[in-house]
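Coordinates from run39.txt are shown below (compact mmCIF, C-alpha atoms and all ligand atoms).
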```txt
# COMPACT_ATOMS: atom_id res chain seq x y z
CA MET N 1 -13.00 261.19 223.03
CA THR N 2 -10.52 263.87 222.00
CA GLU N 3 -11.44 266.36 219.32
CA THR N 4 -8.98 265.90 216.45
CA ARG N 5 -8.03 269.08 214.65
CA ILE N 6 -6.94 268.98 211.00
CA ILE N 7 -4.24 271.59 210.43
CA ASP N 8 -4.18 272.53 206.74
CA ALA N 9 -0.65 272.89 205.40
CA SER N 10 -1.49 273.30 201.72
CA ASP N 11 -0.77 277.05 201.65
CA PRO N 12 3.02 277.59 201.60
CA ALA N 13 2.48 281.02 203.18
CA SER N 14 1.05 279.43 206.34
CA GLN N 15 3.67 276.69 206.63
CA LYS N 16 5.71 278.45 209.31
CA LYS N 17 2.63 278.79 211.49
CA VAL N 18 1.66 275.15 210.91
CA VAL N 19 5.15 273.94 211.79
CA LYS N 20 5.14 276.04 214.98
CA GLU N 21 1.77 274.61 216.02
CA ALA N 22 3.06 271.06 215.54
CA VAL N 23 6.32 271.82 217.36
CA ASP N 24 4.43 273.38 220.29
CA LEU N 25 2.23 270.29 220.66
CA LEU N 26 5.26 267.95 220.50
CA SER N 27 7.19 270.10 223.01
CA ALA N 28 4.21 269.82 225.35
CA GLY N 29 4.47 266.00 225.18
CA GLU N 30 1.54 265.52 222.82
CA VAL N 31 1.37 263.37 219.68
CA VAL N 32 0.68 264.80 216.21
CA ALA N 33 0.12 263.06 212.86
CA LEU N 34 2.57 264.37 210.28
CA PRO N 35 3.00 263.86 206.54
CA THR N 36 6.15 262.17 205.22
CA GLU N 37 7.02 261.11 201.68
CA THR N 38 6.20 257.46 202.51
CA VAL N 39 3.02 257.40 204.64
CA TYR N 40 1.64 259.63 207.42
CA GLY N 41 3.44 259.17 210.73
CA LEU N 42 2.21 259.61 214.29
CA GLY N 43 4.94 261.69 215.88
CA ALA N 44 6.10 262.22 219.45
CA ASP N 45 9.28 263.65 220.98
CA ALA N 46 11.52 260.56 220.79
CA LEU N 47 13.34 261.45 224.01
CA ASN N 48 10.13 261.84 226.04
CA ALA N 49 9.01 258.36 227.15
CA ASP N 50 5.57 259.56 228.31
CA ALA N 51 4.88 261.16 224.94
CA VAL N 52 6.02 257.99 223.13
CA ALA N 53 3.68 255.95 225.35
CA LYS N 54 0.80 258.00 223.89
CA VAL N 55 1.80 256.81 220.39
CA PHE N 56 1.53 253.17 221.48
CA ALA N 57 -1.82 253.89 223.19
CA ALA N 58 -3.37 255.74 220.22
CA LYS N 59 -2.26 253.04 217.77
CA GLU N 60 -3.03 250.14 220.17
CA ARG N 61 0.42 249.01 219.17
CA PRO N 62 1.94 246.12 221.13
CA GLY N 63 5.02 247.05 223.15
CA PHE N 64 7.24 244.65 221.20
CA ASP N 65 7.00 246.63 217.94
CA PRO N 66 9.62 249.42 218.01
CA LEU N 67 9.27 252.87 216.43
CA ILE N 68 11.31 254.65 213.77
CA VAL N 69 13.13 257.79 214.93
CA HIS N 70 13.26 260.74 212.54
CA VAL N 71 16.31 262.96 212.59
CA GLY N 72 16.78 266.40 211.06
CA SER N 73 20.52 266.22 210.36
CA TYR N 74 23.37 263.72 209.99
CA GLU N 75 24.73 264.94 213.35
CA GLN N 76 21.50 264.00 215.08
CA VAL N 77 22.13 260.36 214.12
CA ASP N 78 25.09 260.40 216.49
CA GLU N 79 22.90 261.78 219.26
CA VAL N 80 20.69 258.66 219.21
CA ALA N 81 22.94 255.98 217.69
CA GLU N 82 26.43 254.66 218.39
CA VAL N 83 27.73 254.06 214.87
CA PRO N 84 30.53 251.45 215.16
CA ASP N 85 33.80 252.42 213.47
CA ASN N 86 33.58 249.51 211.06
CA LEU N 87 30.15 250.67 209.86
CA ARG N 88 30.85 254.38 209.66
CA GLU N 89 31.80 254.31 205.98
CA VAL N 90 28.79 252.35 204.74
CA VAL N 91 26.41 254.35 206.97
CA ASN N 92 27.78 257.61 205.58
CA LYS N 93 27.47 256.33 202.03
CA LEU N 94 23.88 255.18 202.56
CA MET N 95 22.89 258.48 204.19
CA LYS N 96 24.49 260.45 201.38
CA ALA N 97 22.84 258.35 198.68
CA PHE N 98 19.32 258.12 200.09
CA TRP N 99 18.73 260.86 202.70
CA PRO N 100 16.57 262.71 202.99
CA GLY N 101 14.40 259.89 201.73
CA PRO N 102 12.63 256.58 202.36
CA LEU N 103 15.49 254.57 203.90
CA THR N 104 15.62 253.61 207.59
CA LEU N 105 18.87 252.41 209.17
CA VAL N 106 18.96 250.16 212.23
CA LEU N 107 21.99 251.01 214.39
CA PRO N 108 23.19 250.38 217.97
CA LYS N 109 21.31 252.80 220.22
CA LYS N 110 22.51 255.35 222.75
CA ASP N 111 21.17 255.40 226.31
CA CYS N 112 19.29 258.68 225.84
CA VAL N 113 16.74 256.86 223.66
CA PRO N 114 14.04 255.54 226.00
CA ASP N 115 13.53 251.76 225.92
CA ILE N 116 9.89 252.24 225.00
CA VAL N 117 10.98 253.65 221.61
CA THR N 118 13.03 250.57 220.72
CA SER N 119 10.90 248.02 222.59
CA GLY N 120 13.91 247.26 224.73
CA LEU N 121 16.12 246.40 221.74
CA PRO N 122 19.77 247.50 221.83
CA THR N 123 19.26 249.08 218.40
CA VAL N 124 17.40 252.14 217.13
CA ALA N 125 15.86 252.66 213.68
CA VAL N 126 16.66 256.11 212.22
CA ARG N 127 15.56 257.94 209.14
CA MET N 128 15.55 261.44 207.67
CA SER N 129 12.36 262.33 205.86
CA GLY N 130 12.46 264.46 202.73
CA HIS N 131 8.98 265.87 203.33
CA PRO N 132 9.33 269.64 203.88
CA ILE N 133 6.88 269.66 206.80
CA MET N 134 8.39 266.67 208.62
CA LYS N 135 11.86 268.11 208.05
CA ALA N 136 10.88 271.52 209.43
CA VAL N 137 9.08 270.04 212.44
CA VAL N 138 12.06 267.84 213.43
CA ARG N 139 14.40 270.79 213.13
CA GLY N 140 12.00 273.07 215.00
CA LEU N 141 11.62 270.62 217.88
CA GLY N 142 15.37 270.17 218.24
CA ASN N 143 14.85 266.58 219.43
CA PRO N 144 14.35 263.60 217.14
CA ILE N 145 10.77 262.48 216.53
CA ALA N 146 9.56 258.91 216.98
CA ALA N 147 6.96 258.33 214.30
CA PRO N 148 5.48 255.00 213.24
CA SER N 149 2.74 254.95 210.61
CA ALA N 150 -0.41 256.78 211.77
CA ASN N 151 -2.79 253.83 211.67
CA ARG N 152 -4.21 251.50 214.29
CA PHE N 153 -1.91 248.52 214.74
CA GLY N 154 -1.90 246.02 211.90
CA ARG N 155 -4.18 248.13 209.69
CA ILE N 156 -3.61 249.80 206.34
CA SER N 157 -1.04 252.62 206.48
CA PRO N 158 -2.52 256.09 205.78
CA THR N 159 -1.38 258.02 202.72
CA SER N 160 -3.67 261.04 203.25
CA ALA N 161 -4.86 263.13 206.19
CA SER N 162 -8.41 261.83 205.75
CA ALA N 163 -7.14 258.25 206.05
CA VAL N 164 -5.37 259.22 209.31
CA GLU N 165 -8.62 260.74 210.55
CA LYS N 166 -10.46 257.47 209.87
CA GLU N 167 -7.78 255.52 211.74
CA LEU N 168 -7.06 257.80 214.69
CA GLY N 169 -9.76 260.51 214.73
CA GLY N 170 -10.95 261.05 218.32
CA ARG N 171 -7.71 259.61 219.70
CA ILE N 172 -5.18 262.35 218.90
CA LEU N 173 -5.21 266.15 219.12
CA ALA N 174 -4.04 267.08 215.62
CA ILE N 175 -3.29 265.92 212.09
CA VAL N 176 -1.16 268.11 209.84
CA ASP N 177 -2.63 267.79 206.34
CA GLY N 178 0.27 267.96 203.89
CA GLY N 179 -1.60 266.34 200.98
CA ALA N 180 -1.09 262.89 199.48
CA CYS N 181 2.18 261.01 200.16
CA ARG N 182 4.57 260.86 197.23
CA GLU N 183 5.85 257.30 197.73
CA GLY N 184 2.84 255.65 199.34
CA LEU N 185 4.80 252.73 200.84
CA GLU N 186 6.66 252.62 204.15
CA SER N 187 10.42 253.16 204.16
CA THR N 188 12.89 250.41 203.35
CA ILE N 189 14.52 249.19 206.60
CA VAL N 190 18.14 248.03 206.54
CA ARG N 191 20.44 246.83 209.32
CA PRO N 192 24.05 247.22 208.17
CA GLU N 193 26.63 244.77 209.45
CA ALA N 194 30.35 244.59 208.79
CA GLY N 195 31.13 241.74 206.39
CA GLU N 196 34.42 240.09 205.45
CA LYS N 197 34.76 241.60 201.99
CA LYS N 198 31.91 244.09 201.92
CA PRO N 199 29.18 245.22 204.29
CA ILE N 200 26.08 243.08 204.73
CA LEU N 201 22.80 244.94 204.45
CA HIS N 202 20.05 243.03 206.22
CA LEU N 203 16.83 244.04 204.47
CA LEU N 204 14.30 244.02 207.34
CA ARG N 205 11.51 245.58 205.29
CA ALA N 206 11.27 246.03 201.52
CA GLY N 207 10.30 249.54 200.46
CA PRO N 208 10.87 252.36 197.97
CA VAL N 209 14.67 251.99 198.15
CA THR N 210 14.90 248.70 196.30
CA LYS N 211 17.35 245.80 196.63
CA GLU N 212 18.76 246.79 193.24
CA LEU N 213 19.59 250.27 194.54
CA LEU N 214 21.10 248.95 197.78
CA GLN N 215 23.36 246.40 196.10
CA ARG N 216 25.86 249.10 195.23
CA PHE N 217 26.61 249.50 198.94
CA GLY N 218 26.88 245.91 200.16
CA LYS N 219 25.54 242.38 200.07
CA VAL N 220 21.77 242.56 200.55
CA GLU N 221 20.33 239.76 202.69
CA ARG N 222 16.76 239.06 203.66
CA PRO N 223 16.13 237.69 207.17
CA LYS N 224 14.23 234.43 207.63
CA LYS N 225 10.47 234.91 207.50
CA SER N 226 8.45 234.66 210.73
CA ARG N 227 5.43 232.47 210.29
CA SER N 228 3.37 233.54 213.28
CA ASN N 229 2.23 236.79 214.83
CA GLU N 230 4.29 236.28 217.98
CA ALA N 231 6.98 238.76 218.98
CA PRO N 232 9.21 238.56 215.92
CA GLU N 233 12.95 237.98 215.99
CA ALA N 234 13.33 240.88 213.58
CA PRO N 235 10.46 243.29 214.31
CA GLY N 236 8.58 244.51 211.28
CA GLN N 237 8.48 240.96 210.02
CA LEU N 238 5.02 240.29 211.43
CA ALA N 239 3.20 237.87 209.16
CA SER N 240 -0.06 239.83 209.29
CA HIS N 241 0.08 243.57 208.77
CA TYR N 242 -1.36 246.30 206.56
CA ALA N 243 -4.60 244.34 206.69
CA PRO N 244 -7.99 245.51 205.50
CA THR N 245 -11.00 244.45 207.61
CA THR N 246 -12.35 242.62 204.55
CA PRO N 247 -10.52 239.34 203.90
CA LEU N 248 -8.00 239.61 201.08
CA ARG N 249 -6.69 236.73 198.99
CA LEU N 250 -3.61 237.07 196.79
CA LEU N 251 -3.82 234.62 193.88
CA LYS N 252 -1.10 233.53 191.49
CA SER N 253 -3.46 232.91 188.61
CA PRO N 254 -7.20 233.29 187.88
CA ASP N 255 -7.47 229.47 187.76
CA GLU N 256 -7.15 229.43 191.54
CA PHE N 257 -10.37 231.45 191.92
CA ASN N 258 -13.50 229.44 192.73
CA PRO N 259 -16.21 231.95 193.66
CA GLU N 260 -18.83 230.91 196.19
CA GLU N 261 -22.49 231.42 195.29
CA GLY N 262 -23.92 234.63 196.78
CA ARG N 263 -20.56 236.04 197.89
CA LYS N 264 -19.50 239.47 196.65
CA TYR N 265 -15.95 239.84 195.34
CA ALA N 266 -13.78 242.83 194.48
CA LEU N 267 -10.75 242.59 192.21
CA LEU N 268 -7.57 244.45 193.03
CA SER N 269 -6.01 244.47 189.58
CA TYR N 270 -2.52 245.63 188.67
CA CYS N 271 -3.28 247.60 185.51
CA GLY N 272 -6.65 246.32 184.34
CA SER N 273 -5.10 244.25 181.59
CA GLU N 274 -7.22 241.43 180.20
CA LYS N 275 -4.04 239.51 179.43
CA ALA N 276 -3.62 238.43 183.05
CA GLY N 277 -7.06 236.81 182.85
CA PHE N 278 -8.35 238.06 186.19
CA ILE N 279 -10.75 240.68 184.78
CA ASP N 280 -12.61 238.08 182.72
CA ALA N 281 -12.57 235.42 185.44
CA HIS N 282 -15.67 236.74 187.24
CA ASP N 283 -18.45 239.30 187.23
CA TRP N 284 -16.73 241.42 189.87
CA GLU N 285 -18.72 243.69 192.19
CA ILE N 286 -15.97 246.27 191.83
CA VAL N 287 -12.59 246.43 190.11
CA GLU N 288 -9.83 248.80 191.17
CA GLU N 289 -6.53 249.16 189.35
CA LEU N 290 -3.21 249.98 190.99
CA SER N 291 -1.77 251.51 187.85
CA PRO N 292 -4.72 252.05 185.49
CA GLY N 293 -3.79 251.25 181.91
CA ASN N 294 -0.06 251.72 182.48
CA GLY N 295 1.32 248.94 184.61
CA LYS N 296 3.88 251.19 186.32
CA LEU N 297 5.17 249.85 189.63
CA ALA N 298 5.87 253.34 191.02
CA GLU N 299 2.27 254.37 190.46
CA ALA N 300 1.04 251.07 191.90
CA ALA N 301 3.12 251.67 195.05
CA VAL N 302 1.70 255.17 195.53
CA ARG N 303 -1.88 253.96 195.08
CA LEU N 304 -1.71 250.64 196.95
CA PHE N 305 -2.95 251.71 200.39
CA PHE N 306 -5.45 254.20 198.94
CA VAL N 307 -6.99 251.49 196.75
CA LEU N 308 -6.94 248.89 199.55
CA ARG N 309 -8.82 251.31 201.78
CA LYS N 310 -11.38 252.01 199.03
CA LEU N 311 -12.03 248.30 198.44
CA ASP N 312 -12.23 247.69 202.18
CA GLU N 313 -15.02 250.27 202.38
CA SER N 314 -16.89 248.92 199.34
CA GLY N 315 -18.91 246.35 201.28
CA VAL N 316 -17.73 243.22 199.42
CA ASP N 317 -17.16 239.92 201.23
CA GLU N 318 -13.66 239.35 199.89
CA ILE N 319 -10.94 241.16 197.95
CA ILE N 320 -9.06 239.13 195.36
CA ALA N 321 -5.64 240.56 194.52
CA GLU N 322 -3.75 239.96 191.31
CA PRO N 323 0.06 239.61 191.69
CA VAL N 324 2.51 242.18 190.37
CA SER N 325 5.94 241.28 189.00
CA GLU N 326 8.41 240.86 191.83
CA THR N 327 11.16 243.16 190.60
CA GLY N 328 12.19 246.59 191.88
CA LEU N 329 9.30 248.20 193.75
CA GLY N 330 7.19 245.13 193.01
CA VAL N 331 8.99 243.32 195.87
CA ALA N 332 7.65 245.82 198.43
CA ILE N 333 4.16 245.80 196.89
CA MET N 334 3.97 241.98 196.99
CA ASP N 335 5.33 242.02 200.57
CA ARG N 336 2.45 244.31 201.65
CA LEU N 337 -0.14 242.26 199.73
CA ARG N 338 1.08 239.00 201.29
CA ARG N 339 0.90 240.43 204.80
CA ALA N 340 -2.51 242.00 204.06
CA SER N 341 -3.75 238.52 203.11
CA VAL N 342 -2.75 236.84 206.39
CA ARG N 343 -5.34 236.88 209.18
P1 LIG L 401 5.98 251.69 211.13
O1 LIG L 401 6.60 253.03 211.06
O2 LIG L 401 4.64 251.68 211.76
O3 LIG L 401 5.98 251.01 209.83
O4 LIG L 401 6.85 250.83 212.11
C1 LIG L 401 8.21 250.91 212.20
C2 LIG L 401 8.85 249.60 211.94
O5 LIG L 401 10.24 249.80 212.09
C3 LIG L 401 8.49 248.53 212.95
O6 LIG L 401 7.49 247.67 212.47
C4 LIG L 401 9.77 247.78 213.14
O7 LIG L 401 9.74 246.61 212.44
C5 LIG L 401 10.85 248.62 212.51
N1 LIG L 401 11.85 248.89 213.52
C6 LIG L 401 11.90 249.93 214.37
N2 LIG L 401 12.97 249.85 215.18
C7 LIG L 401 13.63 248.72 214.84
C8 LIG L 401 14.80 248.08 215.33
N3 LIG L 401 15.51 248.59 216.32
N4 LIG L 401 15.16 246.93 214.75
C9 LIG L 401 14.45 246.42 213.73
N5 LIG L 401 13.33 246.97 213.23
C10 LIG L 401 12.93 248.10 213.78
MG MG L 402 3.14 250.68 210.42
```
The structure given in the file should be rewritten as structure tokens.
Ligand code: AMP
Ligand code: MG
Amino acid sequence: MTETRIIDASDPASQKKVVKEAVDLLSAGEVVALPTETVYGLGADALNADAVAKVFAAKERPGFDPLIVHVGSYEQVDEVAEVPDNLREVVNKLMKAFWPGPLTLVLPKKDCVPDIVTSGLPTVAVRMSGHPIMKAVVRGLGNPIAAPSANRFGRISPTSASAVEKELGGRILAIVDGGACREGLESTIVRPEAGEKKPILHLLRAGPVTKELLQRFGKVERPKKSRSNEAPEAPGQLASHYAPTTPLRLLKSPDEFNPEEGRKYALLSYCGSEKAGFIDAHDWEIVEELSPGNGKLAEAAVRLFFVLRKLDESGVDEIIAEPVSETGLGVAIMDRLRRASVR
């Protein structure tokens, strides 16, 4: 067991020192959990294969699931990716519109990126985080940082330092505590491709940058769904992911709910509205709302993993989840709930 240190980054006056500590650990080939605007990431020097191997080990992540590489500048994209001439314009436009921010671009990779980072794929996923700490650490290190979400494989992504500690405490040396994540959902992943009339944007993972926002830059296409948990054609499309230990069932309507005698159920409600009928459908052990009273998708996205974790720890036998409307951010929320419900 390793002792995991929590490095408090809440005081702006100590941020330089915190960033230096994280950079020193990464330079020494260690892994560090870092805050981003989406979820906490488990970072390693992306150009150091041994360090990246520690990320896979700590997460118990299978080798076929590649990592996202964080860059600190537009120029650093060209250090890790070979942007084809016919994609240069759309890539520039996407970076300008959404970076720093929760958009990941999948591009042809350069040889300097170790195969372990990309699981042997000829492409690399790059993103530039807007979180001040992540930004400063990438710049301080000088190399890009490979950072998947800081949870054990397949589990709920962490949106706070304490959630990282529960997932990876005893397995990693340090967690930089930068407070709660602003977005709460993992980045949108897009693979741009040259199209006949306009670029095609393959949406590999729904996230905070919605289809509606992306449509200005090309034709958004969703890849075919994988139905099993085998190595996926498009990684990140694993059927089961973000899963609580407690079984979760996503229902379309309360009529589908037939409680079993003696079983304890929790309700994951959207906004606690009685209109949807779920609240009144059962004498729930516990009810948690994603957007209490309001029904705001942005709030629901921020709270989703926090609430899932809370319900998972509540000791019920099953979590019943109410659907949210599948528009805007609701697409990403429903995507996570569907995957959380597959075992
Ligand atoms: P995580 O940060 O834990 O959410 O994981 C990163 C996700 O990025 C993985 O699940 C992959 O699906 C996706 N990803 C990383 N690299 C690639 C790539 N080269 N092609 C497609 N997807 C990728
Ligand atoms: Mg993840």
Could you please extract the residues within 10 Å of ligand MG 402 (chain L), counting all atoms listed in the file, and hand them back as a PyMOL selection string? chain N and resi 39-42+59+61+65+67-68+147-158+185-187+236+241-242
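Between atom CA of N:Arg5 and atom CA of N:Leu173 there is a distance of 6.0 Å.
With all atoms listed in the file as the atoms that count, the residue of N:Gly101, N:Gly262, N:Gly63, N:Pro323 with the shortest distance to ligand LIG 401 (chain L) is N:Gly63.
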Between N:Phe64, N:Phe217, N:Trp284, N:Phe305, single out the one closest to N:Ala97, counting only C-alpha atoms. N:Phe217
I need the residue nearest N:Lys264 from this list: N:Ser314, N:Thr188, N:Ser160, N:Asn294. Use all atoms listed in the file for the distance. N:Ser314
Rebuild N, CA, C and O atoms on stretch 76-95 of chain N, as an mmCIF file, keeping the file's coordinate frame?
```cif
data_model
loop_
_atom_site.group_PDB
_atom_site.id
_atom_site.type_symbol
_atom_site.label_atom_id
_atom_site.label_comp_id
_atom_site.auth_asym_id
_atom_site.auth_seq_id
_atom_site.Cartn_x
_atom_site.Cartn_y
_atom_site.Cartn_z
ATOM 1 N N GLN N 76 22.474 264.504 214.106
ATOM 2 C CA GLN N 76 21.500 264.000 215.080
ATOM 3 C C GLN N 76 21.510 262.461 215.145
ATOM 4 O O GLN N 76 21.096 261.882 216.150
ATOM 5 N N VAL N 77 21.998 261.823 214.085
ATOM 6 C CA VAL N 77 22.130 260.360 214.120
ATOM 7 C C VAL N 77 23.037 259.968 215.270
ATOM 8 O O VAL N 77 22.756 259.037 216.031
ATOM 9 N N ASP N 78 24.121 260.723 215.436
ATOM 10 C CA ASP N 78 25.090 260.400 216.490
ATOM 11 C C ASP N 78 24.573 260.735 217.888
ATOM 12 O O ASP N 78 25.128 260.288 218.873
ATOM 13 N N GLU N 79 23.506 261.509 217.947
ATOM 14 C CA GLU N 79 22.900 261.780 219.260
ATOM 15 C C GLU N 79 22.109 260.564 219.748
ATOM 16 O O GLU N 79 21.989 260.329 220.939
ATOM 17 N N VAL N 80 21.539 259.799 218.803
ATOM 18 C CA VAL N 80 20.690 258.660 219.210
ATOM 19 C C VAL N 80 21.342 257.303 218.962
ATOM 20 O O VAL N 80 20.956 256.310 219.569
ATOM 21 N N ALA N 81 22.333 257.269 218.053
ATOM 22 C CA ALA N 81 22.940 255.980 217.690
ATOM 23 C C ALA N 81 24.452 255.999 217.889
ATOM 24 O O ALA N 81 25.093 257.046 217.741
ATOM 25 N N GLU N 82 24.986 254.836 218.217
ATOM 26 C CA GLU N 82 26.430 254.660 218.390
ATOM 27 C C GLU N 82 26.909 253.944 217.130
ATOM 28 O O GLU N 82 26.825 252.724 217.044
ATOM 29 N N VAL N 83 27.339 254.708 216.136
ATOM 30 C CA VAL N 83 27.730 254.060 214.870
ATOM 31 C C VAL N 83 29.108 253.427 215.051
ATOM 32 O O VAL N 83 30.094 254.134 215.294
ATOM 33 N N PRO N 84 29.224 252.078 214.972
ATOM 34 C CA PRO N 84 30.530 251.450 215.160
ATOM 35 C C PRO N 84 31.507 251.895 214.073
ATOM 36 O O PRO N 84 31.096 252.175 212.942
ATOM 37 N N ASP N 85 32.784 251.955 214.422
ATOM 38 C CA ASP N 85 33.800 252.420 213.470
ATOM 39 C C ASP N 85 33.752 251.641 212.155
ATOM 40 O O ASP N 85 33.888 252.212 211.078
ATOM 41 N N ASN N 86 33.542 250.315 212.281
ATOM 42 C CA ASN N 86 33.580 249.510 211.060
ATOM 43 C C ASN N 86 32.315 249.650 210.197
ATOM 44 O O ASN N 86 32.215 249.034 209.141
ATOM 45 N N LEU N 87 31.351 250.427 210.672
ATOM 46 C CA LEU N 87 30.150 250.670 209.860
ATOM 47 C C LEU N 87 30.044 252.120 209.392
ATOM 48 O O LEU N 87 29.185 252.471 208.607
ATOM 49 N N ARG N 88 30.932 252.944 209.918
ATOM 50 C CA ARG N 88 30.850 254.380 209.660
ATOM 51 C C ARG N 88 30.811 254.678 208.152
ATOM 52 O O ARG N 88 29.996 255.455 207.667
ATOM 53 N N GLU N 89 31.695 254.006 207.403
ATOM 54 C CA GLU N 89 31.800 254.310 205.980
ATOM 55 C C GLU N 89 30.508 253.961 205.232
ATOM 56 O O GLU N 89 29.977 254.786 204.487
ATOM 57 N N VAL N 90 29.993 252.753 205.484
ATOM 58 C CA VAL N 90 28.790 252.350 204.740
ATOM 59 C C VAL N 90 27.593 253.190 205.185
ATOM 60 O O VAL N 90 26.744 253.580 204.365
ATOM 61 N N VAL N 91 27.522 253.520 206.478
ATOM 62 C CA VAL N 91 26.410 254.350 206.970
ATOM 63 C C VAL N 91 26.466 255.724 206.303
ATOM 64 O O VAL N 91 25.445 256.231 205.817
ATOM 65 N N ASN N 92 27.646 256.304 206.238
ATOM 66 C CA ASN N 92 27.780 257.610 205.580
ATOM 67 C C ASN N 92 27.361 257.535 204.113
ATOM 68 O O ASN N 92 26.673 258.421 203.604
ATOM 69 N N LYS N 93 27.799 256.463 203.463
ATOM 70 C CA LYS N 93 27.470 256.330 202.030
ATOM 71 C C LYS N 93 25.953 256.183 201.838
ATOM 72 O O LYS N 93 25.385 256.774 200.921
ATOM 73 N N LEU N 94 25.330 255.387 202.694
ATOM 74 C CA LEU N 94 23.880 255.180 202.560
ATOM 75 C C LEU N 94 23.119 256.485 202.836
ATOM 76 O O LEU N 94 22.172 256.817 202.124
ATOM 77 N N MET N 95 23.562 257.205 203.866
ATOM 78 C CA MET N 95 22.890 258.480 204.190
ATOM 79 C C MET N 95 23.023 259.453 203.023
ATOM 80 O O MET N 95 22.067 260.107 202.628
#
```
